[in-house]
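Have a look at the structure below before the remarks.
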Amino acid sequence: MARERVALVTGGTRGIGAAIAKHLKEKGYKVAANYGGRDEAAHAFEAETGIPVFKFDVGDPAACEAGIKVVEGELGPIDILVNNAGITRDGAFHKMTFEKWQAVIKTNLDSMFAVTRPLIDGMRARGFGRIVIISSINGQKGQAGQTNYSAAKAGVIGFAKALAQESAGKGITVNVVAPGYIATEMVMAVPEDIRSRIIATIPVGRLGEADEIACAVEFLVGDEAGFITGSTLTINGGQYCP
Ligand code: NDP
């Protein structure tokens, strides 16, 4: 590798994204961790890991363009993108407001355009890129109470497959990791009785760990994974495999 590769992990300051950022740093990449609004958590992460943090809203194309310029100015051209940032705004569809719908589509799906679009030209010009998108088991199978989230998480799989085909001739791979239930704040915020019911449906008998997702991402962004593109890797403790 001519220079140290640079990786941007969106939502890289907490949960799964933080584990990915740490794994990539340990592997020798120069890593930038993006976040949305929780400054205290982000600065604590930066102090603990030495990974620089960059605040911009992944659902806002202008903010992403500006934020990515800052990242590339400090770290160099971005070779590896992990589109990880995501939110939930759950509710039965017959009670769902357009605000909840839009918030989830904006952060989880519009972000595919907003973050990836400013980076794709550079990757194409340099003839190398690795893009990994974090979807969800609930984008694969659907989940009651999550029409917005399931739609967005299914949408990113279609996005990845199409972009993989467009980019294959340019040394760029685009893959999806679809986690099941992982013990992050997002899942720990679910009431305990519902969480116990979820765990009862997982053949491995426990929630997954963020590190178990990070290992897979680390593999997919490696130079040696150049023949893997357009695929979706399911990591869910045996719960569901499409
Ligand atoms: P967390 O809520 O623990 O962390 C989310 C991260 O995303 C934070 O760093 C947060 O920043 C950032 N973020 C949220 N909104 C924005 C935004 N608009 N712009 C920039 N950054 C933003 O989430 P998880 O680690 O649990 O989830 C990570 C990904 O994995 C998500 O896409 C999620 O849908 C997916 N997933 C999670 C599963 C799980 O069981 N936990 C299962 C399947 C998929 P800030 O701290 O500033 O808010």
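FYI, nothing fancy with the structure tokens labels: chains A, B, ... in order, residues from 1 per chain, ligands from 1 as they appear.
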All residues 8 Å or closer to Thr147 (chain A), only C-alpha atoms, same chain fewer than 4 positions away omitted, as a ChimeraX atom specification: /A:92-93,142-143,151
Since we have the selection now, will you write its residues out, keeping all heavy atoms, as a JSON list (two decimals), in the first residue's frame?
```
[["chain", "number", "residue", "atom", "x", "y", "z"],
["A", 92, "ALA", "N", -46.13, 1.71, 15.67],
["A", 92, "ALA", "CA", -46.99, 1.01, 14.71],
["A", 92, "ALA", "C", -47.31, 1.95, 13.55],
["A", 92, "ALA", "O", -47.48, 3.16, 13.76],
["A", 92, "ALA", "CB", -48.27, 0.57, 15.39],
["A", 93, "PHE", "N", -47.40, 1.40, 12.35],
["A", 93, "PHE", "CA", -47.57, 2.25, 11.17],
["A", 93, "PHE", "C", -48.86, 3.06, 11.24],
["A", 93, "PHE", "O", -48.88, 4.22, 10.83],
["A", 93, "PHE", "CB", -47.54, 1.41, 9.89],
["A", 93, "PHE", "CG", -47.60, 2.27, 8.65],
["A", 93, "PHE", "CD1", -46.55, 3.12, 8.33],
["A", 93, "PHE", "CD2", -48.70, 2.25, 7.82],
["A", 93, "PHE", "CE1", -46.60, 3.94, 7.21],
["A", 93, "PHE", "CE2", -48.77, 3.07, 6.70],
["A", 93, "PHE", "CZ", -47.71, 3.91, 6.39],
["A", 142, "GLY", "N", -38.10, -7.55, 7.86],
["A", 142, "GLY", "CA", -39.20, -6.69, 8.31],
["A", 142, "GLY", "C", -39.42, -6.87, 9.80],
["A", 142, "GLY", "O", -39.13, -7.93, 10.35],
["A", 143, "GLN", "N", -39.89, -5.80, 10.45],
["A", 143, "GLN", "CA", -40.16, -5.89, 11.89],
["A", 143, "GLN", "C", -41.36, -5.02, 12.23],
["A", 143, "GLN", "O", -41.36, -3.82, 11.91],
["A", 143, "GLN", "CB", -38.94, -5.43, 12.69],
["A", 143, "GLN", "CG", -39.15, -5.37, 14.20],
["A", 143, "GLN", "CD", -39.54, -6.73, 14.79],
["A", 143, "GLN", "OE1", -38.93, -7.75, 14.50],
["A", 143, "GLN", "NE2", -40.59, -6.74, 15.60],
["A", 151, "ALA", "N", -37.84, -0.20, 6.07],
["A", 151, "ALA", "CA", -37.77, 0.33, 4.70],
["A", 151, "ALA", "C", -36.38, 0.90, 4.41],
["A", 151, "ALA", "O", -35.79, 0.62, 3.36],
["A", 151, "ALA", "CB", -38.83, 1.42, 4.51]]
```
Near-ligand residues for ligand 1, threshold 7 Å, only C-alpha atoms and all ligand atoms, as a ChimeraX atom specification: /A:10-17,34-39,41-42,55-59,84-88,107-108,134-137,178-187
Those of region 73-104 of chain A in DSSP strand (DSSP E or B), formatted as a list in words: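 Selecting the strand (DSSP E or B) positions of region 73-104 of chain A gives Ile80, Leu81, Val82 and Asn83 of chain A.
Near Leu24 (chain A), within a cut-off of 8 Å and counting only C-alpha atoms, sit the residues Ala7, Tyr29, Lys30, Val31 and Glu218 of chain A, with same-chain residues fewer than 5 positions away left out.
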Selection from above, all heavy atoms, as a compact mmCIF listing (two decimals), in the first residue's frame, can you write it?
```
# COMPACT_ATOMS: atom_id res chain seq x y z
N ALA A 7 -9.77 5.81 6.75
CA ALA A 7 -11.13 5.28 6.89
C ALA A 7 -12.02 6.29 7.62
O ALA A 7 -11.61 6.89 8.62
CB ALA A 7 -11.09 3.98 7.69
N TYR A 29 -5.02 1.52 10.13
CA TYR A 29 -5.60 2.56 9.28
C TYR A 29 -5.62 3.89 10.03
O TYR A 29 -5.66 3.92 11.27
CB TYR A 29 -7.05 2.20 8.90
CG TYR A 29 -7.17 0.93 8.10
CD1 TYR A 29 -7.65 -0.24 8.69
CD2 TYR A 29 -6.83 0.89 6.74
CE1 TYR A 29 -7.78 -1.42 7.95
CE2 TYR A 29 -6.96 -0.29 6.00
CZ TYR A 29 -7.44 -1.43 6.62
OH TYR A 29 -7.56 -2.59 5.90
N LYS A 30 -5.63 4.99 9.25
CA LYS A 30 -5.90 6.32 9.84
C LYS A 30 -7.41 6.46 9.86
O LYS A 30 -8.04 6.42 8.80
CB LYS A 30 -5.30 7.42 8.95
CG LYS A 30 -3.84 7.72 9.26
CD LYS A 30 -3.21 8.50 8.13
CE LYS A 30 -3.33 10.00 8.31
NZ LYS A 30 -2.56 10.69 7.22
N VAL A 31 -7.98 6.65 11.04
CA VAL A 31 -9.44 6.59 11.18
C VAL A 31 -10.01 7.94 11.61
O VAL A 31 -9.47 8.61 12.50
CB VAL A 31 -9.84 5.50 12.20
CG1 VAL A 31 -11.36 5.39 12.31
CG2 VAL A 31 -9.25 4.15 11.82
N GLU A 218 -13.81 -5.22 9.42
CA GLU A 218 -12.35 -5.19 9.25
C GLU A 218 -11.93 -6.09 8.09
O GLU A 218 -11.10 -5.72 7.26
CB GLU A 218 -11.72 -5.66 10.56
CG GLU A 218 -10.23 -5.62 10.59
CD GLU A 218 -9.70 -6.22 11.90
OE1 GLU A 218 -10.20 -5.87 12.98
OE2 GLU A 218 -8.80 -7.07 11.80
```
Spatial neighbours of Ala225 (chain A), 12 Å, only C-alpha atoms, chain gap at least 3 places, as a VMD selection string: chain A and resid 128 to 132 171 to 175 216 to 222 228 to 231
File dump, residues just selected, C-alpha atoms, as a compact mmCIF listing (two decimals), in the first residue's frame:
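Written file, selection.txt:
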```txt
# COMPACT_ATOMS: atom_id res chain seq x y z
CA PHE A 128 -9.49 1.86 -4.93
CA GLY A 129 -12.32 2.03 -2.43
CA ARG A 130 -14.01 -0.01 0.24
CA ILE A 131 -17.56 0.83 1.27
CA VAL A 132 -19.36 -1.12 3.97
CA GLY A 171 -11.39 -1.23 -7.68
CA ILE A 172 -14.20 -0.24 -5.34
CA THR A 173 -16.19 -2.83 -3.39
CA VAL A 174 -19.55 -2.14 -1.77
CA ASN A 175 -20.90 -4.59 0.77
CA ALA A 216 -16.44 -8.63 9.84
CA VAL A 217 -16.10 -5.01 8.71
CA GLU A 218 -12.35 -5.19 9.25
CA PHE A 219 -12.23 -8.18 6.91
CA LEU A 220 -14.41 -6.59 4.22
CA VAL A 221 -12.34 -3.40 4.01
CA GLY A 222 -9.05 -5.25 3.58
CA ILE A 228 -16.30 -9.63 -2.47
CA THR A 229 -18.73 -7.00 -3.66
CA GLY A 230 -22.49 -6.52 -3.71
CA SER A 231 -22.93 -9.04 -0.92
```
Surrounding residues of Glu74 (chain A) excluding itself and chain neighbours under 6 positions, 10 Å, only C-alpha atoms, as a list in words: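 The residues that qualify are Ala32, Pro52 and Ile68 of chain A.
Picture a line from CA of Asp121 (chain A) to CA of Val53 (chain A); it runs 23.4 Å.
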Closest of A:Thr49, A:Lys100, A:Ala200, A:Ile157 to Lys22 (chain A) - atom-to-atom distances counting only C-alpha atoms: A:Thr49
Shell of 8 Å around Gly155 (chain A), only C-alpha atoms, local chain residues under 4 positions omitted, as a PyMOL selection string: chain A and resi 109+139+151+159
Which polymer residues have any atom within 10 Å of an atom of Val204 (chain A), counting only C-alpha atoms, with same-chain residues fewer than 4 positions away left out, as a compact mmCIF listing (two decimals) with all heavy atoms, in the first residue's frame?
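Written file, out_21.txt:
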```txt
# COMPACT_ATOMS: atom_id res chain seq x y z
N ILE A 199 -34.18 -12.05 23.07
CA ILE A 199 -33.06 -12.98 23.29
C ILE A 199 -33.54 -14.44 23.16
O ILE A 199 -32.82 -15.28 22.62
CB ILE A 199 -32.38 -12.71 24.66
CG1 ILE A 199 -31.67 -11.35 24.61
CG2 ILE A 199 -31.38 -13.82 25.02
CD1 ILE A 199 -31.15 -10.82 25.92
N ALA A 200 -34.76 -14.67 23.58
CA ALA A 200 -35.32 -16.04 23.49
C ALA A 200 -35.43 -16.51 22.03
O ALA A 200 -35.48 -17.71 21.77
CB ALA A 200 -36.69 -16.09 24.17
N GLY A 208 -25.59 -10.00 20.46
CA GLY A 208 -24.24 -9.94 19.89
C GLY A 208 -23.44 -8.81 20.51
O GLY A 208 -24.00 -7.93 21.19
N ASN A 236 -26.18 -12.60 13.04
CA ASN A 236 -27.31 -12.44 13.97
C ASN A 236 -27.52 -13.60 14.94
O ASN A 236 -28.62 -13.78 15.46
CB ASN A 236 -28.59 -12.17 13.16
CG ASN A 236 -28.89 -13.32 12.20
OD1 ASN A 236 -28.55 -14.46 12.48
ND2 ASN A 236 -29.52 -13.02 11.09
N GLY A 237 -26.46 -14.37 15.16
CA GLY A 237 -26.59 -15.46 16.13
C GLY A 237 -27.50 -16.59 15.67
O GLY A 237 -28.04 -17.33 16.49
N GLY A 238 -27.67 -16.70 14.36
CA GLY A 238 -28.46 -17.80 13.81
C GLY A 238 -29.94 -17.52 13.74
O GLY A 238 -30.76 -18.40 13.45
N GLN A 239 -30.32 -16.25 13.95
CA GLN A 239 -31.73 -15.90 14.06
C GLN A 239 -32.49 -15.99 12.75
O GLN A 239 -33.61 -16.47 12.69
CB GLN A 239 -31.82 -14.47 14.59
CG GLN A 239 -33.11 -14.18 15.28
CD GLN A 239 -33.13 -12.78 15.84
OE1 GLN A 239 -32.21 -12.00 15.66
NE2 GLN A 239 -34.18 -12.47 16.55
```
Between CA of Met188 (chain A) and CA of Leu207 (chain A) - distance in Å to one decimal: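 Taking CA of Leu207 (chain A) and CA of Met188 (chain A), their separation equals 10.1 Å.
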Every residue of region 20-239 of chain A that DSSP places in helix (DSSP H, G or I), as JSON, numbers by chain: {"A": [20, 21, 22, 23, 24, 25, 26, 39, 40, 41, 42, 43, 44, 45, 46, 47, 48, 49, 61, 62, 63, 64, 65, 66, 67, 68, 69, 70, 71, 72, 73, 74, 75, 93, 94, 95, 98, 99, 100, 101, 102, 103, 104, 105, 106, 107, 108, 109, 110, 111, 112, 113, 114, 115, 116, 117, 118, 119, 120, 121, 122, 123, 124, 125, 126, 137, 138, 139, 140, 141, 147, 148, 149, 150, 151, 152, 153, 154, 155, 156, 157, 158, 159, 160, 161, 162, 163, 164, 165, 166, 167, 168, 169, 170, 185, 186, 187, 188, 192, 193, 194, 195, 196, 197, 198, 199, 200, 210, 211, 212, 213, 214, 215, 216, 217, 218, 219, 220, 223, 224, 225]}
Å distance separating CA of Glu26 (chain A) from CA of Arg126 (chain A), one decimal place: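 CA of Arg126 (chain A) lies at a distance of 24.3 Å from CA of Glu26 (chain A).
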